[in-house]
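Undergrad: Dumping the structure here so I can ask a few things about it.
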Amino acid sequence: MPLRSVRARGAPRDAVHHPLFARYYARFSVSAETRMGMARVRERLLAGLSGRVIEVGAGNGLNFSHYPGTVSEVVAIEPERVLRRLAVEAGQRARVPVDVAPGAAEALPVKSEAFDAAVVSLVLCSVRDVPRALAELRRVLRPGAQVRFFEHGRGGGRVMTFTQSALDRTLWPPLSGGCHLSREPVAALREAGFTLGPYRRVMMPENGPALPSSYCVLGTAWRPS
(Lines give C-alpha, C1' and ligand atoms only; values in the text may rest on other atoms or scores of the structure.)
Protein backbone atom coordinates (compact mmCIF):
# COMPACT_ATOMS: atom_id res chain seq x y z
CA MET A 1 0.00 0.00 0.00
CA PRO A 2 1.59 3.36 -0.98
CA LEU A 3 2.59 5.82 1.70
CA ARG A 4 1.32 8.76 -0.29
CA SER A 5 -1.85 9.26 -2.29
CA VAL A 6 -1.90 12.29 -4.58
CA ARG A 7 -4.45 12.51 -7.35
CA ALA A 8 -6.47 15.03 -9.29
CA ARG A 9 -9.98 13.73 -9.81
CA GLY A 10 -11.74 14.50 -13.04
CA ALA A 11 -14.57 17.01 -13.17
CA PRO A 12 -16.89 17.94 -16.01
CA ARG A 13 -16.33 21.66 -15.48
CA ASP A 14 -14.05 23.75 -13.28
CA ALA A 15 -15.81 25.78 -10.60
CA VAL A 16 -13.29 28.61 -11.14
CA HIS A 17 -11.39 29.48 -14.30
CA HIS A 18 -8.76 32.24 -14.09
CA PRO A 19 -5.81 30.86 -16.10
CA LEU A 20 -3.92 34.15 -16.54
CA PHE A 21 -4.22 35.12 -12.90
CA ALA A 22 -3.35 31.57 -11.83
CA ARG A 23 -0.06 31.67 -13.74
CA TYR A 24 0.81 35.06 -12.28
CA TYR A 25 -0.11 33.95 -8.77
CA ALA A 26 1.96 30.78 -9.08
CA ARG A 27 5.09 32.81 -9.90
CA PHE A 28 4.44 35.58 -7.37
CA SER A 29 3.58 33.26 -4.48
CA VAL A 30 6.81 31.28 -4.82
CA SER A 31 8.92 34.44 -4.60
CA ALA A 32 6.83 35.67 -1.66
CA GLU A 33 7.88 32.65 0.41
CA THR A 34 11.19 34.31 1.21
CA ARG A 35 10.79 37.88 -0.02
CA MET A 36 7.62 38.56 1.99
CA GLY A 37 8.10 36.06 4.80
CA MET A 38 5.22 33.80 3.76
CA ALA A 39 7.13 30.60 4.60
CA ARG A 40 7.31 31.66 8.26
CA VAL A 41 3.60 32.46 8.25
CA ARG A 42 2.79 29.01 6.86
CA GLU A 43 4.86 27.37 9.59
CA ARG A 44 2.90 29.22 12.28
CA LEU A 45 -0.41 28.56 10.53
CA LEU A 46 0.02 24.78 10.45
CA ALA A 47 2.10 24.06 13.57
CA GLY A 48 0.60 21.43 15.86
CA LEU A 49 -2.08 20.12 13.51
CA SER A 50 -2.90 16.42 13.62
CA GLY A 51 -5.31 13.91 12.17
CA ARG A 52 -7.23 14.37 8.95
CA VAL A 53 -7.17 17.91 7.54
CA ILE A 54 -9.12 19.59 4.75
CA GLU A 55 -7.50 22.57 3.06
CA VAL A 56 -9.95 24.69 1.10
CA GLY A 57 -8.50 26.73 -1.75
CA ALA A 58 -5.09 25.08 -1.73
CA GLY A 59 -3.78 27.12 -4.66
CA ASN A 60 -0.46 25.79 -5.92
CA GLY A 61 0.13 23.75 -2.77
CA LEU A 62 2.71 25.86 -0.98
CA ASN A 63 1.28 24.87 2.41
CA PHE A 64 1.91 21.17 1.82
CA SER A 65 5.60 21.13 2.76
CA HIS A 66 4.78 22.78 6.11
CA TYR A 67 2.30 20.22 7.45
CA PRO A 68 3.71 18.40 10.50
CA GLY A 69 4.14 14.63 10.46
CA THR A 70 1.27 14.28 12.97
CA VAL A 71 -1.18 14.97 10.11
CA SER A 72 -2.46 11.66 8.75
CA GLU A 73 -3.92 13.04 5.50
CA VAL A 74 -4.57 16.34 3.76
CA VAL A 75 -7.54 16.59 1.42
CA ALA A 76 -6.87 19.71 -0.63
CA ILE A 77 -9.70 21.33 -2.59
CA GLU A 78 -8.67 23.63 -5.44
CA PRO A 79 -11.16 24.79 -8.09
CA GLU A 80 -8.72 26.39 -10.57
CA ARG A 81 -7.22 23.92 -13.05
CA VAL A 82 -3.76 25.51 -13.47
CA LEU A 83 -3.25 25.86 -9.72
CA ARG A 84 -4.64 22.38 -9.10
CA ARG A 85 -2.08 20.82 -11.43
CA LEU A 86 0.70 22.60 -9.53
CA ALA A 87 -0.83 21.48 -6.24
CA VAL A 88 -0.69 17.84 -7.36
CA GLU A 89 3.03 18.25 -8.09
CA ALA A 90 3.59 19.89 -4.70
CA GLY A 91 1.66 17.10 -3.00
CA GLN A 92 3.97 14.50 -4.49
CA ARG A 93 6.87 16.17 -2.67
CA ALA A 94 5.06 16.50 0.68
CA ARG A 95 5.96 14.40 3.72
CA VAL A 96 2.31 13.69 4.52
CA PRO A 97 -0.31 12.05 2.26
CA VAL A 98 -2.07 14.67 0.11
CA ASP A 99 -5.17 14.15 -2.02
CA VAL A 100 -5.89 17.04 -4.40
CA ALA A 101 -9.44 17.35 -5.74
CA PRO A 102 -11.50 19.90 -7.70
CA GLY A 103 -14.43 21.55 -6.03
CA ALA A 104 -15.90 24.83 -4.82
CA ALA A 105 -15.80 26.07 -1.24
CA GLU A 106 -19.57 26.49 -1.32
CA ALA A 107 -20.13 22.78 -2.14
CA LEU A 108 -17.26 20.71 -0.75
CA PRO A 109 -17.17 17.23 -2.34
CA VAL A 110 -16.59 15.39 0.98
CA LYS A 111 -18.67 13.76 3.71
CA SER A 112 -20.00 15.57 6.75
CA GLU A 113 -18.02 15.55 10.01
CA ALA A 114 -15.08 13.82 8.32
CA PHE A 115 -12.17 16.06 9.38
CA ASP A 116 -10.24 16.92 12.53
CA ALA A 117 -9.16 20.34 11.25
CA ALA A 118 -9.54 22.75 8.35
CA VAL A 119 -7.16 25.26 6.80
CA VAL A 120 -8.18 28.37 4.87
CA SER A 121 -5.30 30.46 3.61
CA LEU A 122 -5.92 33.53 1.42
CA VAL A 123 -9.15 32.03 0.13
CA LEU A 124 -12.10 33.76 1.85
CA CYS A 125 -11.26 36.89 -0.12
CA SER A 126 -12.18 35.17 -3.37
CA VAL A 127 -15.05 32.76 -2.68
CA ARG A 128 -18.33 33.83 -4.25
CA ASP A 129 -20.47 33.27 -1.14
CA VAL A 130 -18.59 33.53 2.17
CA PRO A 131 -21.46 32.49 4.51
CA ARG A 132 -22.23 29.45 2.38
CA ALA A 133 -18.55 28.48 2.18
CA LEU A 134 -18.17 28.71 5.96
CA ALA A 135 -21.38 26.73 6.47
CA GLU A 136 -19.84 24.01 4.32
CA LEU A 137 -16.68 24.16 6.41
CA ARG A 138 -18.76 23.62 9.57
CA ARG A 139 -20.53 20.70 7.91
CA VAL A 140 -17.35 18.76 7.10
CA LEU A 141 -15.67 19.30 10.49
CA ARG A 142 -16.17 17.07 13.48
CA PRO A 143 -17.58 18.78 16.60
CA GLY A 144 -14.75 20.52 18.41
CA ALA A 145 -12.50 20.53 15.32
CA GLN A 146 -10.39 23.58 14.66
CA VAL A 147 -9.99 25.96 11.75
CA ARG A 148 -6.61 27.52 11.06
CA PHE A 149 -6.91 30.71 9.03
CA PHE A 150 -4.62 33.22 7.38
CA GLU A 151 -6.62 35.79 5.44
CA HIS A 152 -6.33 39.36 4.25
CA GLY A 153 -9.09 41.93 4.45
CA ARG A 154 -10.26 45.33 5.53
CA GLY A 155 -7.72 47.39 7.46
CA GLY A 156 -5.91 50.68 7.89
CA GLY A 157 -7.39 54.14 8.27
CA ARG A 158 -10.26 55.82 6.44
CA VAL A 159 -8.26 56.50 3.29
CA MET A 160 -7.10 52.89 3.02
CA THR A 161 -10.54 51.37 3.70
CA PHE A 162 -12.08 53.75 1.14
CA THR A 163 -9.44 52.66 -1.37
CA GLN A 164 -10.10 48.97 -0.66
CA SER A 165 -13.85 49.41 -1.15
CA ALA A 166 -13.35 51.41 -4.34
CA LEU A 167 -11.04 48.77 -5.81
CA ASP A 168 -13.50 46.02 -4.88
CA ARG A 169 -16.23 47.80 -6.86
CA THR A 170 -14.06 48.28 -9.94
CA LEU A 171 -10.75 46.79 -11.04
CA TRP A 172 -9.52 44.45 -8.33
CA PRO A 173 -11.78 41.36 -8.57
CA PRO A 174 -11.55 40.92 -12.37
CA LEU A 175 -7.78 41.46 -12.33
CA SER A 176 -7.12 39.29 -9.27
CA GLY A 177 -9.08 36.12 -9.79
CA GLY A 178 -12.18 37.26 -7.92
CA CYS A 179 -10.25 38.51 -4.88
CA HIS A 180 -11.80 41.22 -2.66
CA LEU A 181 -9.86 43.57 -0.40
CA SER A 182 -12.44 44.78 2.08
CA ARG A 183 -13.93 41.57 3.46
CA GLU A 184 -13.67 40.89 7.20
CA PRO A 185 -12.70 37.25 7.78
CA VAL A 186 -12.79 37.28 11.60
CA ALA A 187 -16.32 38.70 11.63
CA ALA A 188 -17.38 36.21 8.96
CA LEU A 189 -16.11 33.25 11.00
CA ARG A 190 -17.89 34.53 14.10
CA GLU A 191 -21.16 35.07 12.19
CA ALA A 192 -20.90 31.54 10.77
CA GLY A 193 -21.01 30.14 14.30
CA PHE A 194 -17.35 29.36 14.87
CA THR A 195 -15.79 30.02 18.26
CA LEU A 196 -12.86 32.38 17.81
CA GLY A 197 -9.59 31.47 19.48
CA PRO A 198 -6.39 33.50 19.53
CA TYR A 199 -5.60 35.52 16.43
CA ARG A 200 -3.18 38.27 15.53
CA ARG A 201 -3.00 40.98 12.93
CA VAL A 202 -0.15 40.61 10.44
CA MET A 203 1.12 42.99 7.79
CA MET A 204 2.31 41.52 4.50
CA PRO A 205 4.97 42.29 3.54
CA GLU A 206 6.20 42.36 7.11
CA ASN A 207 8.66 45.18 6.41
CA GLY A 208 7.44 47.20 3.51
CA PRO A 209 4.82 49.65 2.26
CA ALA A 210 1.23 49.22 3.40
CA LEU A 211 -0.73 48.04 0.36
CA PRO A 212 -4.51 47.52 0.09
CA SER A 213 -3.83 43.77 0.35
CA SER A 214 -1.40 44.03 3.30
CA TYR A 215 -3.86 43.76 6.21
CA CYS A 216 -3.92 40.11 7.26
CA VAL A 217 -5.05 38.05 10.22
CA LEU A 218 -3.60 34.74 11.44
CA GLY A 219 -5.44 32.63 13.96
CA THR A 220 -7.56 29.70 15.11
CA ALA A 221 -11.27 29.06 15.43
CA TRP A 222 -13.29 26.00 16.46
CA ARG A 223 -16.49 24.34 15.43
CA PRO A 224 -18.52 24.27 18.65
CA SER A 225 -18.93 20.81 20.14
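Each chain of the C-alpha coordinates is named A, B, ... in the order shown, its residues numbered from 1; ligands are numbered from 1 in display order.
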Find the spatial neighbours of A:Pro173, counting only C-alpha atoms, within a cut-off of 12 Å - ignore same-chain residues fewer than 5 positions away - and output them as a list in words.
TA: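 Near A:Pro173, the qualifying residues are His18, Phe21, Cys125, Ser126, Val127, Arg128, Gln164, Ser165, Ala166, Leu167, Asp168, Gly178, Cys179, His180, Leu181 and Ser182 of chain A.
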Undergrad: For stretch 19-42 of chain A versus stretch 54-71 of chain A, which residues have an atom no more than 10 Å away, and what is each residue's nearest atom pair and distance in Å rounded to one decimal, using only C-alpha atoms, chain-then-number order, as CSV?
TA:
```
residue,atom,partner,partner_atom,distance
A:Ala22,CA,A:Gly59,CA,8.4
A:Arg23,CA,A:Asn60,CA,9.8
A:Tyr25,CA,A:Asn60,CA,8.6
A:Ala26,CA,A:Asn60,CA,6.4
A:Arg27,CA,A:Asn60,CA,9.8
A:Ser29,CA,A:Leu62,CA,8.2
A:Val30,CA,A:Leu62,CA,7.8
A:Glu33,CA,A:Leu62,CA,8.6
A:Met38,CA,A:Leu62,CA,9.6
A:Ala39,CA,A:His66,CA,8.3
A:Arg40,CA,A:His66,CA,9.5
A:Val41,CA,A:Asn63,CA,9.9
A:Arg42,CA,A:Asn63,CA,6.3
```
Undergrad: As a VMD selection string, please: all residues of stretch 28-223 of chain A that backbone DSSP puts in strand (DSSP E or B).
TA: chain A and resid 51 to 56 71 to 77 80 98 to 101 104 107 115 to 121 141 to 152 195 to 203 215 to 222
Undergrad: Quick one: everything within 9 Å of A:Gln146, counting only C-alpha atoms, minus sequence neighbours fewer than 4 positions away in the same chain. Send it as a PyMOL selection string.
TA: chain A and resi 116-119+141-142+220-223
Undergrad: Of the residues A:Arg95, A:Arg44, A:Arg158, A:Lys111, which is the one nearest to A:Tyr199, using only C-alpha atoms?
TA: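 With only C-alpha atoms as the atom set, the closest residue is A:Arg44.
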Undergrad: With only C-alpha atoms as the atoms that count, which of A:Phe28, A:Arg35, A:Phe150, A:Glu106 lies nearest to A:Gly208?
TA: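 Looking at the shortest contact to A:Gly208, the residue is A:Arg35.
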Undergrad: Skip A:Met36 itself and residues of its chain fewer than 5 positions away, then list as a list in words all residues within 7 Å of it, counting only C-alpha atoms.
TA: Met204, Pro205 and Glu206 of chain A
Undergrad: For A:Leu137, which residue out of A:Gly197, A:Pro109, A:Gly91, A:Gly177 is the nearest one, using only C-alpha atoms?
TA: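 Closest to A:Leu137 of all the choices is A:Pro109.
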Undergrad: Any idea what the distance is between atom CA of A:Glu43 and atom CA of A:Gly193?
TA: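 Between atom CA of A:Glu43 and atom CA of A:Gly193 the gap works out to 26.4 Å.
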Undergrad: When you draw a straight line from atom CA of A:Val100 to atom CA of A:Ala76, how long is it in Å?
TA: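 Computed distance, atom CA of A:Val100 to atom CA of A:Ala76, equals 4.7 Å.
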Undergrad: Just want the 8 Å neighbourhood of A:Val82, counted on only C-alpha atoms, with same-chain residues fewer than 2 positions away dropped. Output as a list in words.
TA: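 Neighbouring residues, sequence-local ones excluded: Pro19, Ala22, Arg23, Glu80, Arg84, Arg85 and Leu86 of chain A.
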Undergrad: Which residue out of A:Leu122, A:Arg190, A:Pro174, A:Pro131 has the minimum interatomic distance to A:Ser213 when only C-alpha atoms are used?
TA: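 Closest to A:Ser213, using only C-alpha atoms: A:Leu122.
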Undergrad: Here is a test: counting only C-alpha atoms, which residue of A:Gly37, A:Arg81, A:Val159, A:Ser112 is nearest to A:Val202?
TA: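 Looking at the shortest contact to A:Val202, the residue is A:Gly37.
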Undergrad: List every residue of stretch 27-154 of chain A that DSSP, applied to the backbone of this structure, places in alpha helix (DSSP H), and write the result as a PyMOL selection string.
TA: chain A and resi 27-35+38-46+81-92+130-140
Undergrad: What is the atom CA of A:Asp99-atom CA of A:Leu196 distance in Å, reported with one decimal?
TA: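 Atom CA of A:Leu196 lies 28.0 Å from atom CA of A:Asp99.
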Undergrad: Let me make sure I understand: among A:Ala145, A:Ala107, A:Ala90, A:Val130, which one has the smallest atom-to-atom distance to A:Phe194 if we use only C-alpha atoms?
TA: A:Ala145
